[in-house]
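Enquirer: Before anything else, here's the structure in question.
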Amino acid sequence: MALAGVRRHVGQFLISTNELMAASLSAADCPDEAEKAERAGCRDDAAALRLKEVAMAAILVAGVLGVGLPLAGRKRRALRTDSAAFVAAKAFAAGVILATGFVHMLHDAEHALSSPCLPAVPWRKFPFPGFVAMAAALATLVLDFLATRFYESKHRAEAARVKADAAAALAASSASDEDITVVTVTEDERKAPLLQTHCHSHSHGHGHHHAHELVQGEGSQGEVSADVRSIVVSQILEMGIVSHSVIIGLSLGVSRSPCTIRPLVAALAFHQFFEGFALGGCIAQAQFKTLSAAIMASFFAITTPAGIAAGVGLASFYNPNSPRALVVEGILDSISAGILIYMSLVDLIAADFLGGKMTGSARQQVMAYIALFLGALSMSSLAIWA
């Protein structure tokens with residue numbers, strides 16, 4: 001008797017779960033969302049397509065300029081990574097990314113997952129946007145940790161290899177007075193040991209040739225060098241920016257309303273420029289090779305325009321007013337929000353403002369804080385139009 005009751009309850013649970021899944025993943029048009037779209041009016045496929053083409057060009061140019069300025073200006077005094085202008089611009093960009101996560105992506109996720117088109121259980125009975133964003137932030141923390149450990153061990157192995165090569169060179173040249181190799185180990189202010197190899201070749205004409213090889217390794221207390229952190233930060237930041245750029249591009253690409261697209265063009269170009277500047281600054285600080293830096297910059301610059309182009313192709317059979325579209329959009333927006341919030345707070349703001357990098361004058365520090373707040377406020381204010 002008891003077993004039959006358990007089977008009945010399990011069966012009812014499975015049936016209700018299937019019904020909820022079917023209602024949540026339906027591709028049918030949602031009456032409420034369709035009615036909102038009709039009330040908004042302004043549906044013109046031809047005009048929307050022209051605006052999408054303008055948006056792709058404007059966003060591509062803004063992205064190239066944003067990510068390219070820090071990379072091209074590495075050797076120029078005003079745009080060096082330790083200059084006051086660069087610090088203030090990066091702080092402004094960090095504020096833009098923080099506001100994108102909190103004000104735009106999280107709000108859009110809440111709007112999508114609280115739609116009356118979706119079943120009240122579970123979508124409106126549980127705060128999924130905040131939960132998914134929290135899970136994404138924690139997952140980014142784990143990925144950040146694992147990537148840091150990977151590059152740290154790789155860096156340590158490289159330092160050990162160079163040290164072994166220097167010791168072998170010292171042993172090989174100990175019997176000759178023509179080549180003298182001196183190996184010194186010093187520590188920088190971050191307590192990261194610096195292995196320096198000085199090779200002095202003495203010719204009969206008393207000429208001197210100095211080859212210096214500098215390798216940063218892991219500190220005695222396990223502290224991570226600045227170079228390793230910059231590599232990890234730049235790659236994870238690009239992952240977060242690219243993920244939400246694809247979502248933004250697809251959302252814009254499937255829209256058929258010029259009234260919706262028009263204000264987004266300027267807002268997204270502004271947003272793309274400063275996100276690109278933050279990413280370009282991290283790439284510049286990581287000191288990637290020219291080819292690697294160019295690949296990362298190009299991948300960022302084309303992501304949103306490519307998303308818009310993909311959205312244009314999907315617009316003919318994709319229904320943005322369906323429950324399935326709302327669920328997918330809401331979850332992806334929540335994931336992007338979590339990644340961006342983590343990256344902006346931990347790897348951009350905290351690393352620069354609390355990690356000892358803000359070593360300039362009091363005026364420079366005040367300017368960086370002002371730039372941070374201005375970036376967050378300016379990006380937040382764009383929510384009025386977009």
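A note on labels: chains of the structure tokens are A, B, ... as shown, every chain counts residues from 1, and ligands are counted from 1 in their shown order.
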With only C-alpha atoms counted and 9 Å as the cut-off, give the residues of range 69-163 of chain A in contact with range 252-271 of chain A, each with its shortest interatomic distance in Å and the pair that gives it, as CSV.

Expert:
```
residue,atom,partner,partner_atom,distance
A:Ala93,CA,A:His271,CA,8.7
A:Val96,CA,A:His271,CA,7.0
A:Ile97,CA,A:His271,CA,8.1
A:Thr100,CA,A:His271,CA,8.3
```

Enquirer: With C-alpha atoms kept, could you save the residues just selected as a PDB file, in the first residue's frame?

Expert:
```
ATOM      1  CA  ALA A  93      36.508  51.159 -18.021  1.00  0.00           C
ATOM      2  CA  VAL A  96      31.673  50.591 -17.132  1.00  0.00           C
ATOM      3  CA  ILE A  97      32.074  46.800 -16.857  1.00  0.00           C
ATOM      4  CA  THR A 100      27.146  46.468 -17.280  1.00  0.00           C
TER       5      THR A 100
END
```

Enquirer: Give me the residues near range 134-139 of chain A as a PyMOL selection string, where near means some atom within 12 Å (using only C-alpha atoms) and where sequence neighbours in that chain fewer than 5 positions away do not count.

Expert: chain A and resi 101-102+106+127-129+144-146+236+240+243+331-346

Enquirer: Residues within 6 Å of Cys282 in chain A, please, as number ranges by chain. Count only C-alpha atoms; anything in the same chain fewer than 3 positions from it doesn't count.

Expert: A: 234, 279, 285

Enquirer: Mind writing the picked residues with N, CA and C atoms as a compact mmCIF listing (two decimals), in the first residue's frame?

Expert:
```txt
# COMPACT_ATOMS: atom_id res chain seq x y z
N SER A 234 43.70 38.70 -18.08
CA SER A 234 43.36 39.08 -19.46
C SER A 234 42.55 37.98 -20.14
N LEU A 279 40.21 45.55 -21.54
CA LEU A 279 40.84 44.31 -21.99
C LEU A 279 42.21 44.58 -22.61
N GLN A 285 49.53 44.72 -20.11
CA GLN A 285 50.23 44.43 -18.87
C GLN A 285 50.74 43.00 -18.82
```

Enquirer: Pick from A:Ala306, A:Met367, A:Gly313, A:Ala301: nearest to Leu60 in chain A, with only C-alpha atoms counted?

Expert: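 For Leu60 in chain A, the nearest of the candidates is A:Ala301.
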
Enquirer: Would you mind telling me which residue in A:Thr140, A:Ser153, A:Gln272, A:Thr148 lies nearest to Ile231 in chain A when using only C-alpha atoms?

Expert: A:Thr148

Enquirer: Calculate how many Å separate CA of Met379 in chain A from CA of Gly311 in chain A, rounding to one decimal.

Expert: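 That distance, rounded to one decimal, is 24.1 Å.
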
Enquirer: Report the distance between CA of Trp123 in chain A and CA of Met105 in chain A in Å, rounded to one decimal place.

Expert: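 Rounded to one decimal, the two atoms are 17.4 Å apart.
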
Enquirer: Skipping near chain neighbours, those fewer than 2 positions away, what residues fall within 8 Å of Ala91 in chain A using only C-alpha atoms, listed as a list in words?

Expert: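 Everything that qualifies: Val87, Ala88, Ala89, Ala93, Ala94, Gly95, Leu348, Ile349, Ala368, Tyr369, Ala371, Leu372 and Gly375 of chain A.
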
Enquirer: Would you mind telling me which residue in A:Trp385, A:Ala172, A:Val232, A:Val64 lies nearest to Leu143 in chain A when using only C-alpha atoms?

Expert: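 Closest to Leu143 in chain A of all the choices is A:Val232.
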
Enquirer: Which distance in Å separates CA of Phe274 in chain A and CA of Leu69 in chain A, to one decimal?

Expert: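 CA of Leu69 in chain A lies 10.6 Å from CA of Phe274 in chain A.
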